[in-house]
Amino acid sequence: MIFSETILPGAYTVDIDRHQDDRGYFARMFCADSFLAHGLRPVFVQGSISYNAKRGTLRGLHFQYPPAAETKYVRCTKGAVVDVIVDLRPESTTYLRHITVNLSADNGRGLYIPERFAHGFITLTDDTELTYLIGNYYAPGAEGGLPHDDPAIAIAWPLEVRVISERDRRWKRYSEIGAELKAGMSLAAREGA
């Protein structure tokens with residue numbers, strides 16, 4: 001596996017190292033020792049699949065507040081997406097900055113998302129599937145989100161949003177919840193103080 005840290009400290013793309021022959025290829029997509037060697041938490045307690053029937057489907061921007069904050073390792077196993085993560089760590093020099101990463105079944109790339117980041121994606125093809133390894137249990141009372149079109153984040157999505165859930169349409173903008181978000185995502189909140 002080839003680990004590349006992004007401009008958001010602690011967030012990595014993980015490319016597979018393909019061993020090819022006339023049958024196809026074989027590659028590791030996860031190894032706890034390799035994750036540990038890069039300072040990443042390789043503890044995952046849940047695995048999930050997101051299937052999306054239509055191109056232009058947007059999911060996100062989702063997160064969980066501490067102490068239920070989640071690490072995620074996301075891969076696209078069918079189709080293609082533009083995946084977006086937003087740094088919500090108030091102490092970070094990259095607070096509220098985001099990156100976009102192309103994930104597809106063809107490129108085999110994964111994205112490791114640290115705790116206290118928002119995550120979302122838009123599908124570039126019909127019949128798209130993502131797999132998630134998640135480092136904490138789903139906690140409905142700890143979930144949060146930001147709108148995909150929040151001007152405080154200013155994500156340039158690559159195509160028009162055609163399908164989005166009502167819940168994702170209703171997230172409050174950062175201008176409305178910024179103070180609450182900072183307090184909830186603080187190091188003190190993370191440590192359960």
# chains A, B, ... in the order shown; residues from 1 in each chain; ligands from 1
>>> residues_around(residues="Ile2 in chain A", least_positions_apart="4", cutoff="12 Å", atoms="only C-alpha atoms", output="list in words")
Tyr12, Thr13, Val14, Asp15, Ile16, Asp17, Arg18, Ala27, Arg28, Met29, Phe30, Cys31, Ser34, Phe35, Ala37, His38, Gly108, Arg109, Gly110 and Leu111 of chain A
>>> residues_around(residues="Gln64 in chain A", least_positions_apart="2", cutoff="9 Å", atoms="only C-alpha atoms", output="count of residues only")
18
>>> select_by_dssp(residues="range 19-166 of chain A", states="alpha helix (DSSP H)", output="JSON, numbers by chain")
{"A": [32, 33, 34, 35, 36, 37, 166]}
>>> atom_distance(atom1="CA of Tyr112 in chain A", atom2="CA of Gly135 in chain A")
10.8 Å
>>> atom_distance(atom1="CA of Gln46 in chain A", atom2="CA of Glu91 in chain A")
27.8 Å
>>> atom_distance(atom1="CA of Ala154 in chain A", atom2="CA of Lys72 in chain A")
22.7 Å
>>> closest_residue(among="A:Pro158, A:Gly56, A:Pro42, A:Pro147", to="Lys172 in chain A", atoms="only C-alpha atoms")
A:Pro147
>>> residues_around(residues="Leu96 in chain A", least_positions_apart="5", cutoff="10 Å", atoms="only C-alpha atoms", output="MDAnalysis selection string")
chainID A and resid 85:90 117:118 152:154 174
>>> write_last_selection(atoms="N, CA, C and O atoms", output="PDB file, in the first residue's frame")
ATOM      1  N   ILE A  85     -13.590  15.683   2.314  1.00  0.00           N
ATOM      2  CA  ILE A  85     -13.486  15.719   3.770  1.00  0.00           C
ATOM      3  C   ILE A  85     -13.170  17.146   4.201  1.00  0.00           C
ATOM      4  O   ILE A  85     -12.499  17.894   3.478  1.00  0.00           O
ATOM      5  N   VAL A  86     -13.692  17.512   5.374  1.00  0.00           N
ATOM      6  CA  VAL A  86     -13.531  18.859   5.921  1.00  0.00           C
ATOM      7  C   VAL A  86     -12.969  18.732   7.322  1.00  0.00           C
ATOM      8  O   VAL A  86     -13.519  18.008   8.167  1.00  0.00           O
ATOM      9  N   ASP A  87     -11.893  19.442   7.605  1.00  0.00           N
ATOM     10  CA  ASP A  87     -11.255  19.431   8.922  1.00  0.00           C
ATOM     11  C   ASP A  87     -12.105  20.245   9.896  1.00  0.00           C
ATOM     12  O   ASP A  87     -12.288  21.451   9.716  1.00  0.00           O
ATOM     13  N   LEU A  88     -12.630  19.585  10.922  1.00  0.00           N
ATOM     14  CA  LEU A  88     -13.454  20.254  11.937  1.00  0.00           C
ATOM     15  C   LEU A  88     -12.761  20.303  13.296  1.00  0.00           C
ATOM     16  O   LEU A  88     -13.417  20.506  14.319  1.00  0.00           O
ATOM     17  N   ARG A  89     -11.448  20.157  13.320  1.00  0.00           N
ATOM     18  CA  ARG A  89     -10.684  20.212  14.563  1.00  0.00           C
ATOM     19  C   ARG A  89     -10.349  21.676  14.853  1.00  0.00           C
ATOM     20  O   ARG A  89      -9.504  22.262  14.169  1.00  0.00           O
ATOM     21  N   PRO A  90     -10.996  22.289  15.861  1.00  0.00           N
ATOM     22  CA  PRO A  90     -10.800  23.726  16.093  1.00  0.00           C
ATOM     23  C   PRO A  90      -9.342  24.136  16.316  1.00  0.00           C
ATOM     24  O   PRO A  90      -8.960  25.253  15.985  1.00  0.00           O
ATOM     25  N   PHE A 117     -13.647  14.996  11.495  1.00  0.00           N
ATOM     26  CA  PHE A 117     -13.735  15.486  10.117  1.00  0.00           C
ATOM     27  C   PHE A 117     -15.160  15.256   9.631  1.00  0.00           C
ATOM     28  O   PHE A 117     -15.808  14.277  10.019  1.00  0.00           O
ATOM     29  N   ALA A 118     -15.652  16.145   8.764  1.00  0.00           N
ATOM     30  CA  ALA A 118     -16.908  15.898   8.049  1.00  0.00           C
ATOM     31  C   ALA A 118     -16.559  15.164   6.755  1.00  0.00           C
ATOM     32  O   ALA A 118     -15.476  15.354   6.194  1.00  0.00           O
ATOM     33  N   ALA A 152     -19.225  28.792   3.868  1.00  0.00           N
ATOM     34  CA  ALA A 152     -18.050  28.814   4.751  1.00  0.00           C
ATOM     35  C   ALA A 152     -17.024  27.763   4.335  1.00  0.00           C
ATOM     36  O   ALA A 152     -15.843  27.878   4.664  1.00  0.00           O
ATOM     37  N   ILE A 153     -17.468  26.756   3.609  1.00  0.00           N
ATOM     38  CA  ILE A 153     -16.570  25.683   3.158  1.00  0.00           C
ATOM     39  C   ILE A 153     -16.261  25.819   1.660  1.00  0.00           C
ATOM     40  O   ILE A 153     -15.163  25.528   1.224  1.00  0.00           O
ATOM     41  N   ALA A 154     -17.235  26.256   0.894  1.00  0.00           N
ATOM     42  CA  ALA A 154     -17.070  26.575  -0.534  1.00  0.00           C
ATOM     43  C   ALA A 154     -16.497  25.407  -1.341  1.00  0.00           C
ATOM     44  O   ALA A 154     -15.474  25.525  -2.008  1.00  0.00           O
ATOM     45  N   TYR A 174     -22.727  26.685   8.683  1.00  0.00           N
ATOM     46  CA  TYR A 174     -21.694  26.968   9.670  1.00  0.00           C
ATOM     47  C   TYR A 174     -21.947  28.315  10.351  1.00  0.00           C
ATOM     48  O   TYR A 174     -21.723  28.457  11.550  1.00  0.00           O
TER      49      TYR A 174
END
>>> closest_residue(among="A:Ile113, A:Leu159, A:Val84, A:Leu8", to="Leu133 in chain A", atoms="only C-alpha atoms")
A:Ile113
>>> closest_residue(among="A:Arg162, A:His148, A:Arg75, A:Lys54", to="Tyr132 in chain A", atoms="only C-alpha atoms")
A:Arg75
>>> residues_around(residues="Trp157 in chain A", least_positions_apart="5", cutoff="10 Å", atoms="only C-alpha atoms", output="JSON, numbers by chain")
{"A": [56, 58, 82, 83, 84, 100, 121, 122, 148, 149]}
